[in-house]
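**Student:** Below is the file entry_35.txt, which contains compact mmCIF, C-alpha atoms.
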```
# COMPACT_ATOMS: atom_id res chain seq x y z
CA MET A 1 -68.61 -5.62 17.29
CA ASP A 2 -68.42 -6.47 13.61
CA TRP A 3 -65.08 -8.31 13.49
CA SER A 4 -64.85 -8.26 9.72
CA LYS A 5 -65.17 -4.47 9.65
CA THR A 6 -62.65 -4.13 12.47
CA LYS A 7 -60.19 -6.37 10.63
CA THR A 8 -60.62 -4.32 7.49
CA ILE A 9 -59.96 -1.10 9.42
CA PHE A 10 -56.75 -2.56 10.93
CA ILE A 11 -55.55 -3.67 7.52
CA ILE A 12 -56.18 -0.22 6.07
CA VAL A 13 -54.47 1.51 9.02
CA PHE A 14 -51.39 -0.74 8.86
CA SER A 15 -51.24 -0.33 5.08
CA ILE A 16 -51.31 3.45 5.44
CA LEU A 17 -48.65 3.22 8.20
CA ASN A 18 -46.43 1.07 5.99
CA VAL A 19 -46.79 3.48 3.09
CA PHE A 20 -46.01 6.40 5.42
CA LEU A 21 -42.92 4.75 6.90
CA TYR A 22 -41.70 3.74 3.47
CA SER A 23 -42.18 7.29 2.19
CA VAL A 24 -40.20 8.62 5.17
CA TYR A 25 -37.40 6.15 4.41
CA ILE A 26 -37.36 7.10 0.73
CA ASN A 27 -37.34 10.82 1.52
CA ASN A 28 -34.48 10.43 4.01
CA TYR A 29 -32.53 8.29 1.57
CA ASN A 30 -33.03 10.80 -1.24
CA GLU A 31 -32.00 13.67 1.03
CA GLU A 32 -28.80 11.83 1.95
CA GLN A 33 -28.10 11.16 -1.69
CA GLU A 34 -28.74 14.79 -2.58
CA LEU A 35 -26.48 15.96 0.25
CA GLU A 36 -23.76 13.56 -0.86
CA VAL A 37 -24.03 14.65 -4.48
CA LEU A 38 -24.14 18.29 -3.36
CA GLY A 39 -21.04 17.74 -1.22
CA GLU A 40 -19.21 16.13 -4.12
CA SER A 41 -20.35 18.91 -6.41
CA ASN A 42 -19.06 21.53 -3.95
CA ILE A 43 -15.63 19.94 -3.58
CA GLU A 44 -15.32 19.51 -7.33
CA SER A 45 -16.19 23.18 -7.74
CA ASP A 46 -13.64 24.18 -5.06
CA LEU A 47 -10.93 22.09 -6.72
CA LYS A 48 -11.73 23.61 -10.10
CA ASN A 49 -11.54 27.14 -8.65
CA ALA A 50 -8.09 26.29 -7.25
CA ASN A 51 -6.97 24.89 -10.64
CA ILE A 52 -6.50 21.46 -9.09
CA SER A 53 -6.98 18.79 -11.71
CA VAL A 54 -8.26 15.31 -10.86
CA GLY A 55 -8.27 12.43 -13.30
CA ASN A 56 -10.43 9.32 -13.26
CA LEU A 57 -11.02 8.06 -9.73
CA PRO A 58 -11.62 4.43 -8.71
CA VAL A 59 -15.13 3.36 -7.75
CA SER A 60 -15.31 2.73 -4.00
CA THR A 61 -18.60 0.86 -3.67
CA GLU A 62 -16.81 -2.26 -2.43
CA LYS A 63 -16.70 -3.19 1.23
CA VAL A 64 -13.29 -4.15 2.62
CA THR A 65 -12.22 -5.70 5.92
CA TYR A 66 -9.24 -4.93 8.08
CA VAL A 67 -6.31 -7.33 7.67
CA SER A 68 -4.22 -9.22 10.19
CA GLY A 69 -0.60 -9.86 9.22
CA LYS A 70 1.80 -12.21 10.99
CA ILE A 71 5.47 -11.33 10.51
CA ASN A 72 7.35 -14.11 8.76
CA THR A 73 10.46 -15.56 10.38
CA PHE A 74 13.17 -17.20 8.32
CA ASP A 75 14.68 -19.39 11.05
CA ASN A 76 13.81 -22.52 9.06
CA PHE A 77 14.32 -20.93 5.66
CA ASP A 78 15.05 -23.27 2.73
CA PHE A 79 18.03 -21.55 1.11
CA ASP A 80 17.84 -23.87 -1.90
CA GLN A 81 14.82 -21.87 -3.05
CA VAL A 82 16.93 -18.81 -3.86
CA THR A 83 20.51 -19.97 -4.35
CA ARG A 84 20.78 -18.60 -7.87
CA ASN A 85 23.96 -16.48 -8.00
CA GLN A 86 23.64 -15.29 -4.40
CA ILE A 87 24.81 -15.79 -0.86
CA ILE A 88 21.98 -15.66 1.71
CA THR A 89 22.25 -14.42 5.28
CA VAL A 90 19.43 -13.89 7.78
CA SER A 91 19.32 -11.19 10.46
CA ASP A 92 17.09 -11.46 13.56
CA ASN A 93 15.25 -14.32 11.79
CA MET A 94 13.22 -11.66 9.97
CA ILE A 95 15.48 -10.02 7.37
CA ILE A 96 16.86 -11.88 4.36
CA GLU A 97 19.95 -10.38 2.78
CA GLY A 98 20.89 -11.73 -0.61
CA THR A 99 24.36 -10.75 -1.87
CA MET A 100 24.99 -11.49 -5.55
CA LYS A 101 28.05 -13.68 -6.16
CA LYS A 102 28.40 -11.92 -9.48
CA PRO A 103 26.86 -8.47 -9.98
CA GLU A 104 23.81 -8.75 -12.21
CA LYS A 105 23.50 -6.32 -15.09
CA LEU A 106 19.95 -5.63 -16.25
CA GLU A 107 18.99 -4.23 -19.64
CA ALA A 108 17.72 -1.16 -17.83
CA LEU A 109 16.73 -0.15 -14.32
CA ASN A 110 12.97 0.13 -14.71
CA GLU A 111 9.80 -1.42 -13.32
CA LYS A 112 9.73 -4.27 -15.83
CA THR A 113 13.33 -5.46 -15.41
CA LEU A 114 13.43 -5.03 -11.63
CA THR A 115 10.13 -6.87 -11.21
CA GLU A 116 11.46 -9.72 -13.35
CA PHE A 117 14.61 -9.77 -11.21
CA LEU A 118 12.50 -10.25 -8.07
CA LYS A 119 10.43 -13.02 -9.60
CA ARG A 120 13.44 -15.10 -10.62
CA THR A 121 15.77 -14.28 -7.73
CA VAL A 122 13.91 -13.42 -4.52
CA PHE A 123 11.84 -15.69 -2.28
CA LYS A 124 8.17 -15.15 -3.27
CA GLY A 125 9.24 -12.07 -5.20
CA GLU A 126 5.99 -12.21 -7.18
CA GLU A 127 4.13 -11.07 -4.05
CA TYR A 128 5.73 -7.60 -4.19
CA ARG A 129 5.13 -4.56 -6.38
CA LEU A 130 7.45 -1.67 -7.19
CA TRP A 131 6.89 1.48 -5.16
CA GLN A 132 9.75 3.67 -6.34
CA ILE A 133 13.16 3.76 -8.00
CA ASP A 134 15.69 6.13 -6.42
CA LYS A 135 18.59 6.37 -8.85
CA SER A 136 20.49 8.88 -6.74
CA ALA A 137 20.48 6.47 -3.77
CA ARG A 138 20.88 3.50 -6.16
CA GLU A 139 17.98 1.57 -4.68
CA ALA A 140 14.49 0.38 -5.60
CA THR A 141 11.73 -0.22 -3.06
CA PHE A 142 9.02 -2.86 -3.37
CA PHE A 143 6.00 -3.34 -1.12
CA GLN A 144 4.23 -6.62 -0.43
CA VAL A 145 0.68 -6.85 -1.81
CA MET A 146 -2.50 -8.57 -0.68
CA ASN A 147 -5.42 -9.02 -3.07
CA ASP A 148 -3.58 -6.77 -5.51
CA LYS A 149 -3.38 -3.98 -2.89
CA MET A 150 -0.07 -2.61 -1.59
CA ILE A 151 0.90 -2.59 2.07
CA PHE A 152 2.36 0.91 2.34
CA TYR A 153 5.63 1.58 4.17
CA ASN A 154 5.61 -1.41 6.48
CA GLN A 155 9.03 -2.42 7.80
CA SER A 156 7.87 -6.05 7.80
CA ALA A 157 6.63 -6.19 4.19
CA THR A 158 9.32 -4.58 2.04
CA ILE A 159 12.10 -5.45 -0.38
CA LYS A 160 14.96 -3.11 -1.22
CA VAL A 161 17.18 -3.79 -4.22
CA TYR A 162 20.60 -2.10 -4.45
CA TRP A 163 23.03 -1.57 -7.31
CA SER A 164 26.55 -0.25 -7.83
CA GLU A 165 27.79 2.82 -9.67
CA LYS A 166 28.03 0.58 -12.74
CA GLU A 167 24.27 -0.03 -12.38
CA GLU A 168 24.84 -3.70 -11.55
CA ILE A 169 22.64 -5.25 -8.86
CA THR A 170 24.78 -6.23 -5.90
CA LYS A 171 22.29 -7.11 -3.18
CA TYR A 172 18.77 -6.98 -1.83
CA GLU A 173 17.08 -7.08 1.57
CA GLN A 174 13.66 -8.55 2.29
CA THR A 175 11.02 -8.77 5.00
CA MET A 176 7.53 -10.20 4.62
CA PHE A 177 4.29 -11.18 6.27
CA GLY A 178 4.01 -14.94 6.33
CA SER A 179 0.22 -14.86 6.56
CA LEU A 180 -2.33 -12.20 5.73
CA LYS A 181 -6.02 -12.68 6.46
CA ALA A 182 -9.17 -10.61 6.72
CA VAL A 183 -10.44 -9.78 10.21
CA GLY A 184 -13.68 -8.23 11.42
CA GLU A 185 -16.72 -7.15 9.46
CA LYS A 186 -16.50 -5.54 6.05
CA SER A 187 -16.64 -1.74 6.18
CA MET A 188 -18.05 0.65 3.61
CA LEU A 189 -15.23 2.84 2.32
CA ILE A 190 -15.30 6.57 1.92
CA LYS A 191 -15.16 7.71 -1.68
CA PRO A 192 -11.80 8.84 -3.14
CA ILE A 193 -13.18 12.35 -3.71
CA GLN A 194 -13.90 12.56 0.04
CA ALA A 195 -10.29 11.64 0.81
CA ILE A 196 -9.11 14.32 -1.63
CA LYS A 197 -11.49 16.79 0.03
CA THR A 198 -9.93 15.99 3.42
CA ILE A 199 -6.35 16.77 2.36
CA PHE A 200 -7.56 19.80 0.37
CA GLU A 201 -9.37 21.31 3.35
CA LYS A 202 -6.28 20.73 5.52
CA GLY A 203 -4.28 22.89 3.09
CA TYR A 204 -2.03 20.18 1.65
CA LEU A 205 -3.09 20.80 -1.95
CA LYS A 206 -1.87 24.10 -3.32
CA ASP A 207 -3.33 25.83 -6.35
CA HIS A 208 -2.37 24.21 -9.67
CA THR A 209 -1.84 20.81 -8.08
CA THR A 210 -2.40 17.73 -10.23
CA ILE A 211 -3.81 14.56 -8.70
CA SER A 212 -1.98 11.81 -10.59
CA PHE A 213 -4.01 8.88 -9.26
CA VAL A 214 -5.73 7.40 -6.22
CA ASN A 215 -5.20 3.75 -5.24
CA LEU A 216 -6.52 1.58 -2.44
CA GLY A 217 -4.07 -0.30 -0.23
CA TYR A 218 -3.31 -0.99 3.43
CA SER A 219 -1.39 0.77 6.17
CA THR A 220 -0.42 -0.24 9.69
CA LEU A 221 -3.15 0.39 12.25
CA VAL A 222 -1.83 -1.63 15.21
CA PRO A 223 1.94 -2.39 15.09
CA LEU A 224 2.30 -5.32 17.49
CA THR A 225 5.48 -7.38 17.84
CA GLU A 226 4.61 -10.46 15.79
CA THR A 227 1.14 -9.67 14.44
CA GLN A 228 -0.08 -6.39 12.99
CA VAL A 229 -3.49 -5.03 12.04
CA LEU A 230 -3.71 -3.25 8.70
CA SER A 231 -6.37 -0.73 7.72
CA PRO A 232 -7.79 0.00 4.22
CA THR A 233 -6.08 3.18 3.06
CA TRP A 234 -6.43 5.54 0.13
CA HIS A 235 -3.09 6.48 -1.41
CA ILE A 236 -3.28 9.82 -3.20
CA ARG A 237 -0.34 10.77 -5.39
CA ALA A 238 -0.16 14.45 -6.32
CA MET A 239 2.18 16.77 -8.17
CA VAL A 240 2.29 19.83 -5.92
CA PRO A 241 4.03 23.09 -6.97
CA ASP A 242 6.80 24.39 -4.70
CA GLU A 243 7.65 28.03 -4.01
CA ASN A 244 9.37 28.24 -7.41
CA GLY A 245 6.40 26.81 -9.25
CA ARG A 246 8.11 23.48 -9.98
CA LYS A 247 5.87 20.50 -9.33
CA LYS A 248 7.11 17.82 -6.97
CA GLN A 249 5.59 14.45 -6.23
CA GLN A 250 3.90 14.06 -2.87
CA ASP A 251 2.10 11.04 -1.49
CA PHE A 252 -0.81 11.33 0.92
CA PHE A 253 -2.51 8.54 2.85
CA VAL A 254 -6.07 8.71 4.19
CA ASN A 255 -7.79 6.00 6.24
CA ALA A 256 -10.47 4.69 3.87
CA VAL A 257 -12.87 3.93 6.75
CA ASP A 258 -12.74 6.93 9.10
CA ASN A 259 -11.33 9.52 6.64
CA GLN A 260 -8.37 10.46 8.87
CA ILE A 261 -5.12 11.69 7.29
CA LEU A 262 -2.32 9.27 8.18
CA ASP A 263 1.16 10.40 9.13
CA ILE A 264 3.06 7.37 7.85
CA GLU A 265 6.77 6.98 8.56
CA LYS A 266 8.23 6.85 5.05
CA ASN A 267 11.86 6.09 5.87
CA ILE A 268 12.27 2.33 5.81
CA GLN A 269 15.82 1.36 6.65
CA PHE A 270 17.18 -2.10 7.26
CA LYS A 271 20.17 -2.67 9.53
CA ASN A 272 22.50 -3.13 6.59
CA LYS A 273 22.76 -0.24 4.17
CA ALA A 274 23.22 -0.50 0.42
CA ALA A 275 26.39 -2.28 -0.60
CA THR A 276 28.97 -0.11 -2.30
CA ASP A 277 31.43 -1.65 -4.73
CA VAL A 278 34.00 -2.09 -1.92
CA GLU A 279 31.44 -3.48 0.54
CA TYR A 280 30.18 -5.86 -2.08
CA LYS A 281 33.65 -7.23 -2.88
CA GLU A 282 34.51 -7.59 0.81
CA ARG A 283 31.27 -9.44 1.55
CA VAL A 284 31.71 -11.88 -1.34
CA ARG A 285 35.38 -12.41 -0.48
CA SER A 286 34.60 -13.13 3.18
CA ASN A 287 31.89 -15.60 2.23
CA VAL A 288 34.18 -17.36 -0.23
CA ASP A 289 36.93 -17.57 2.41
CA ALA A 290 34.45 -19.02 4.88
CA LYS A 291 33.34 -21.66 2.39
CA GLN A 292 36.91 -22.61 1.58
CA SER A 293 37.70 -22.89 5.30
CA GLU A 294 34.75 -25.24 5.78
CA LEU A 295 35.87 -27.43 2.86
CA SER A 296 39.43 -27.67 4.16
CA LYS A 297 38.31 -29.06 7.53
```
Now that the file is in, can you turn its structure into structure tokens?
**Tutor:**
Amino acid sequence: MDWSKTKTIFIIVFSILNVFLYSVYINNYNEEQELEVLGESNIESDLKNANISVGNLPVSTEKVTYVSGKINTFDNFDFDQVTRNQIITVSDNMIIEGTMKKPEKLEALNEKTLTEFLKRTVFKGEEYRLWQIDKSAREATFFQVMNDKMIFYNQSATIKVYWSEKEEITKYEQTMFGSLKAVGEKSMLIKPIQAIKTIFEKGYLKDHTTISFVNLGYSTLVPLTETQVLSPTWHIRAMVPDENGRKKQQDFFVNAVDNQILDIEKNIQFKNKAATDVEYKERVRSNVDAKQSELSK
């Protein structure tokens, strides 16, 4: 046998095989890309036919991990960190309640002034971002953030700020994760348009809906006692018309990894409700009386 000829034949065969396999890979990849583009084109066409408008969407090429959060306890809390014009109490070692000694009047009740209030008054207030202002209930809700991403509707990562009828801040309540860290391997996220497609195909988006924006955050995947697992989540805010044609804000949450619509409990309530003017005065008076009693001993 002529070994040199045999070697040449093997090289040619393996070269042809490599070219063939590579061509198969390229063809499959291109088909997937075409199907993906076609799918996006179809959903965009369906949304357009339903007069559903979608603005600029975030790019979702990044890979994100799940997050582990350990609930913070305030049993050894240093009250000197937040003593400015407030009386601090702690419930169940997990809820801080700050009652203002003197009601604080802000220039206005908006995102800027309320965020500044948190930064100068609340323990690690800079780690929270405004979710909503409810003027009828006289309360503002803030969610804790990680890597600039909100943790949506988690009872253990929220601040509520309350004010009186005179629009003076009387108290706030706070919970937080003491540590947040990435867990597991990074996962490729579904695209925002795919999340919109999911809620559209489920019938949540009526004709003439407007998609205000889509943001990436986290939601609770495994709610354990002290430690929780959080999943990357697309938050879709839409203005959906009601039966009278008036548009109302609705928030949808879709798991950014498995594309499942999330039914998130959106009613976060602490044990102590918002302080009314009477409740506020009684709380401050009782705390003052307690302090005076301690001093007289």
**Student:** One decimal, Å: what's the distance from CA of Pro223 (chain A) over to CA of Asp258 (chain A), could you say?
**Tutor:**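 Calculated distance between CA of Pro223 (chain A) and CA of Asp258 (chain A) is 18.4 Å.
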**Student:** Please indicate the distance in Å from CA of Asn259 (chain A) to CA of Phe200 (chain A), rounded to one decimal place.
**Tutor:**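 Separating CA of Asn259 (chain A) from CA of Phe200 (chain A) is a distance of 12.6 Å.
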**Student:** Could you check how far CA of Tyr162 (chain A) sits from CA of Asp75 (chain A), in Å to one decimal?
**Tutor:** 24.0 Å
**Student:** Kindly indicate which residue among A:Lys48, A:Arg138, A:His208, A:Lys266 lies nearest to Arg246 (chain A), using all atoms listed in the file for the distances.
**Tutor:**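 Smallest separation from Arg246 (chain A) among the options: A:His208.
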**Student:** Given the choices A:Ile261, A:Val90, A:Val122, A:Leu109, which gets closest to Glu139 (chain A) if the distance is worked out from all atoms listed in the file?
**Tutor:**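 Among A:Ile261, A:Val90, A:Val122, A:Leu109, it is A:Leu109 that comes nearest to Glu139 (chain A).
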**Student:** So, counting only C-alpha atoms, which residue among A:Thr210, A:Thr220, A:Gln155, A:Asn56 is closest to Lys248 (chain A)?
**Tutor:**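 Result for the nearest residue to Lys248 (chain A): A:Thr210.
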**Student:** Between A:Lys112, A:Lys166, A:Lys119, A:Lys171, which has the minimum distance to Ile87 (chain A) (counting all atoms listed in the file)?
**Tutor:**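 Smallest separation from Ile87 (chain A) among the options: A:Lys171.
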**Student:** With all atoms listed in the file as the basis for distance, which of A:Lys102, A:Glu44, A:Tyr66, A:Gly245 is at the shortest distance from Val183 (chain A)?
**Tutor:**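 When distances to Val183 (chain A) are compared using all atoms listed in the file, the smallest one comes from A:Tyr66.
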**Student:** Show me, as a PyMOL selection string, the residues that have an atom within 10 Å of region 124-136 of chain A when counting all atoms listed in the file, minus same-chain residues fewer than 5 positions from it.
**Tutor:** chain A and resi 81-82+109-112+114-119+141-153+157-163+165+167+174+176
**Student:** Okay, now the selection with C-alpha atoms, as a PDB file, in the coordinates of the input?
**Tutor:**
```
ATOM      1  CA  GLN A  81      14.820 -21.870  -3.050  1.00  0.00           C
ATOM      2  CA  VAL A  82      16.930 -18.810  -3.860  1.00  0.00           C
ATOM      3  CA  LEU A 109      16.730  -0.150 -14.320  1.00  0.00           C
ATOM      4  CA  ASN A 110      12.970   0.130 -14.710  1.00  0.00           C
ATOM      5  CA  GLU A 111       9.800  -1.420 -13.320  1.00  0.00           C
ATOM      6  CA  LYS A 112       9.730  -4.270 -15.830  1.00  0.00           C
ATOM      7  CA  LEU A 114      13.430  -5.030 -11.630  1.00  0.00           C
ATOM      8  CA  THR A 115      10.130  -6.870 -11.210  1.00  0.00           C
ATOM      9  CA  GLU A 116      11.460  -9.720 -13.350  1.00  0.00           C
ATOM     10  CA  PHE A 117      14.610  -9.770 -11.210  1.00  0.00           C
ATOM     11  CA  LEU A 118      12.500 -10.250  -8.070  1.00  0.00           C
ATOM     12  CA  LYS A 119      10.430 -13.020  -9.600  1.00  0.00           C
ATOM     13  CA  THR A 141      11.730  -0.220  -3.060  1.00  0.00           C
ATOM     14  CA  PHE A 142       9.020  -2.860  -3.370  1.00  0.00           C
ATOM     15  CA  PHE A 143       6.000  -3.340  -1.120  1.00  0.00           C
ATOM     16  CA  GLN A 144       4.230  -6.620  -0.430  1.00  0.00           C
ATOM     17  CA  VAL A 145       0.680  -6.850  -1.810  1.00  0.00           C
ATOM     18  CA  MET A 146      -2.500  -8.570  -0.680  1.00  0.00           C
ATOM     19  CA  ASN A 147      -5.420  -9.020  -3.070  1.00  0.00           C
ATOM     20  CA  ASP A 148      -3.580  -6.770  -5.510  1.00  0.00           C
ATOM     21  CA  LYS A 149      -3.380  -3.980  -2.890  1.00  0.00           C
ATOM     22  CA  MET A 150      -0.070  -2.610  -1.590  1.00  0.00           C
ATOM     23  CA  ILE A 151       0.900  -2.590   2.070  1.00  0.00           C
ATOM     24  CA  PHE A 152       2.360   0.910   2.340  1.00  0.00           C
ATOM     25  CA  TYR A 153       5.630   1.580   4.170  1.00  0.00           C
ATOM     26  CA  ALA A 157       6.630  -6.190   4.190  1.00  0.00           C
ATOM     27  CA  THR A 158       9.320  -4.580   2.040  1.00  0.00           C
ATOM     28  CA  ILE A 159      12.100  -5.450  -0.380  1.00  0.00           C
ATOM     29  CA  LYS A 160      14.960  -3.110  -1.220  1.00  0.00           C
ATOM     30  CA  VAL A 161      17.180  -3.790  -4.220  1.00  0.00           C
ATOM     31  CA  TYR A 162      20.600  -2.100  -4.450  1.00  0.00           C
ATOM     32  CA  TRP A 163      23.030  -1.570  -7.310  1.00  0.00           C
ATOM     33  CA  GLU A 165      27.790   2.820  -9.670  1.00  0.00           C
ATOM     34  CA  GLU A 167      24.270  -0.030 -12.380  1.00  0.00           C
ATOM     35  CA  GLN A 174      13.660  -8.550   2.290  1.00  0.00           C
ATOM     36  CA  MET A 176       7.530 -10.200   4.620  1.00  0.00           C
TER      37      MET A 176
END
```
**Student:** My list of candidates is A:Lys202, A:Lys197, A:Lys181, A:Arg237. Which is closest to Leu216 (chain A) when distances are computed with only C-alpha atoms?
**Tutor:**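 Among the listed residues, A:Arg237 lies closest to Leu216 (chain A).
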**Student:** Residues at most 7 Å from Val240 (chain A), counting only C-alpha atoms, excluding those fewer than 6 positions away in the same chain, as a count of residues only?
**Tutor:** 8
**Student:** Scan for residues within 9 Å of the point (-9.9, 9.2, 5.1) in the coordinates of the file, using only C-alpha atoms, and reply as a PyMOL selection string.
**Tutor:** chain A and resi 189-192+194-196+198-199+233-234+253-262
**Student:** Centre and edge lengths, as JSON, for the axis-aligned box enclosing every listed atom of region 186-196 of chain A with 6 Å of padding on each of the six sides, in Å to one decimal?
**Tutor:**
```
{"center_x": -13.6, "center_y": 4.4, "center_z": 1.2, "size_x": 20.9, "size_y": 31.9, "size_z": 21.9}
```
**Student:** For a cut-off of 6 Å around (17.3, -10.1, -0.6), file coordinates, pick out all residues using all atoms listed in the file and list them as a VMD selection string.
**Tutor:** chain A and resid 96 to 98 172 to 174
**Student:** Would you put the residues from that selection into a file with C-alpha atoms, as a compact mmCIF listing (two decimals), in the coordinates of the input?
**Tutor:**
```txt
# COMPACT_ATOMS: atom_id res chain seq x y z
CA ILE A 96 16.86 -11.88 4.36
CA GLU A 97 19.95 -10.38 2.78
CA GLY A 98 20.89 -11.73 -0.61
CA TYR A 172 18.77 -6.98 -1.83
CA GLU A 173 17.08 -7.08 1.57
CA GLN A 174 13.66 -8.55 2.29
```
